[in-house]
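Written out below as structure tokens is the structure these notes cover.
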Amino acid sequence: MDDIVKQAMAKWPSVPACYGWLGLDARGRWYLRDEAAQAAGPFPQSRGALLTHEKLIEFIHRNYEPDEAGQWFFQNGPQRVFVELECAPLVWRVAEDFSVVAHTGRAAVVRECVLDESGRLYLACDMGACRALGVESEKAPRRGQFLPDSPPHSGTMGQEAGKKWAAAAHSQPTMPNPDRLLGFGIVHSLDIVQAAQAVELGLWTPQALRQAELPARYGYVLSPLARHLQAGPQRG
């Protein structure tokens, strides 16, 4: 999170949260949803205006996090802008060596692979320590490290030149830590062929789950707006 955002939060701690105004689709694209877009229907039925301003998108990516309830938000200065999701809070890009990066640019290590009833592929990944680790952090997960309870040569390992990575003798397991962010997301449609190769090579082993099961299982909220409206007005 940007320092200037943290400073704004400290200076104005009681700014009400914003719901329904920002959406994320299954390809990692952001949509600004004004009152007319919201009135036309829920996201993604009514998407709104596609954001194309690169600096704004980068700002959103640096300040995009989940709260303790699994609602993902963009911290816009002192205000939380909760995000409506088409499929999942993250969209994964898969590289030639089968390493993965979120649509926000944050690197991750694959922990689980899921296939839904429509053939969409999802990954649950270790993204490092919450609120602290950037992609370049020395403590960020690296290829060759183990995730908790992951056997050698499991689907959590990376790959290069079509061969599974062997754990180096000096590699240390990544220890369980409640402060680590476990991110769940859908594989970008442009990377399905690459992801399929990872499955065929045994790097990732998909488990079949229905799409409706995924938010509860992986702890995220598709529509913070609907949840907010269902909860009703908060009493002081």
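Just so we're on the same page: first chain in the structure tokens is A, next is B, and so on; residues restart at 1 for each chain, and ligands are numbered from 1 in the order they show up.
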TODO: Write out as a VMD selection string the residues lying within 8 Å of stretch 67-84 of chain A, counting only C-alpha atoms and excluding same-chain residues fewer than 4 positions away.
DONE: chain A and resid 4 to 6 8 to 13 15 to 24 43 60 to 61 63 89 219 to 225
Open item on the list: So that I can check the surroundings of stretch 202-207 of chain A, please list as a count of residues only every protein, DNA and RNA residue that reaches within 6 Å of it, counting only C-alpha atoms and ignoring chain neighbours fewer than 3 positions away.
Closed with: 6
TODO: Name the residues in contact with A:Phe184 at a cut-off of 8 Å, using only C-alpha atoms, excluding same-chain residues fewer than 5 positions from it; report them as a list in words.
DONE: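 Contacts, with the query itself left out: Ala88, Pro89, Leu90, Tyr122, Leu123, Ala124, Cys125 and Tyr218 of chain A.
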Could you save the residues just selected, with N, CA and C atoms, as a short mmCIF file (atom, residue, chain, number, x, y, z; two decimals), in the first residue's frame?
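As written to disk, result-v5.cif reads:
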```cif
data_model
loop_
_atom_site.label_atom_id
_atom_site.label_comp_id
_atom_site.auth_asym_id
_atom_site.auth_seq_id
_atom_site.Cartn_x
_atom_site.Cartn_y
_atom_site.Cartn_z
N ALA A 88 -13.56 -13.90 -9.61
CA ALA A 88 -12.64 -14.08 -8.49
C ALA A 88 -11.87 -12.77 -8.28
N PRO A 89 -11.22 -12.63 -7.13
CA PRO A 89 -10.53 -11.37 -6.84
C PRO A 89 -9.23 -11.16 -7.61
N LEU A 90 -8.67 -12.23 -8.17
CA LEU A 90 -7.41 -12.13 -8.90
C LEU A 90 -7.52 -12.82 -10.25
N TYR A 122 -8.86 -22.27 -12.11
CA TYR A 122 -8.53 -21.33 -11.04
C TYR A 122 -7.29 -21.82 -10.31
N LEU A 123 -6.59 -20.88 -9.66
CA LEU A 123 -5.43 -21.22 -8.85
C LEU A 123 -5.55 -20.53 -7.50
N ALA A 124 -5.22 -21.26 -6.44
CA ALA A 124 -5.05 -20.68 -5.12
C ALA A 124 -3.55 -20.60 -4.87
N CYS A 125 -3.07 -19.41 -4.55
CA CYS A 125 -1.63 -19.18 -4.50
C CYS A 125 -1.20 -18.46 -3.23
N TYR A 218 -12.83 -20.51 -0.59
CA TYR A 218 -11.58 -19.76 -0.65
C TYR A 218 -11.68 -18.36 -0.05
#
```
Task: DSSP strand (DSSP E or B) residues within stretch 2-157 of chain A, listed as a ChimeraX atom specification - done: /A:18-24,30-32,49-50,64-66,72-76,79-85,90-94,100-102,107-115,121-129,146
Open item on the list: Would you compute the distance between atom CA of A:Asp34 and atom CA of A:Ala216? Give it in Å to one decimal.
Closed with: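 Atom CA of A:Ala216 lies 28.4 Å from atom CA of A:Asp34.
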- [ ] To one decimal in Å, tell me the separation between atom CA of A:Val110 and atom CA of A:Val94.
- [x] 10.6 Å
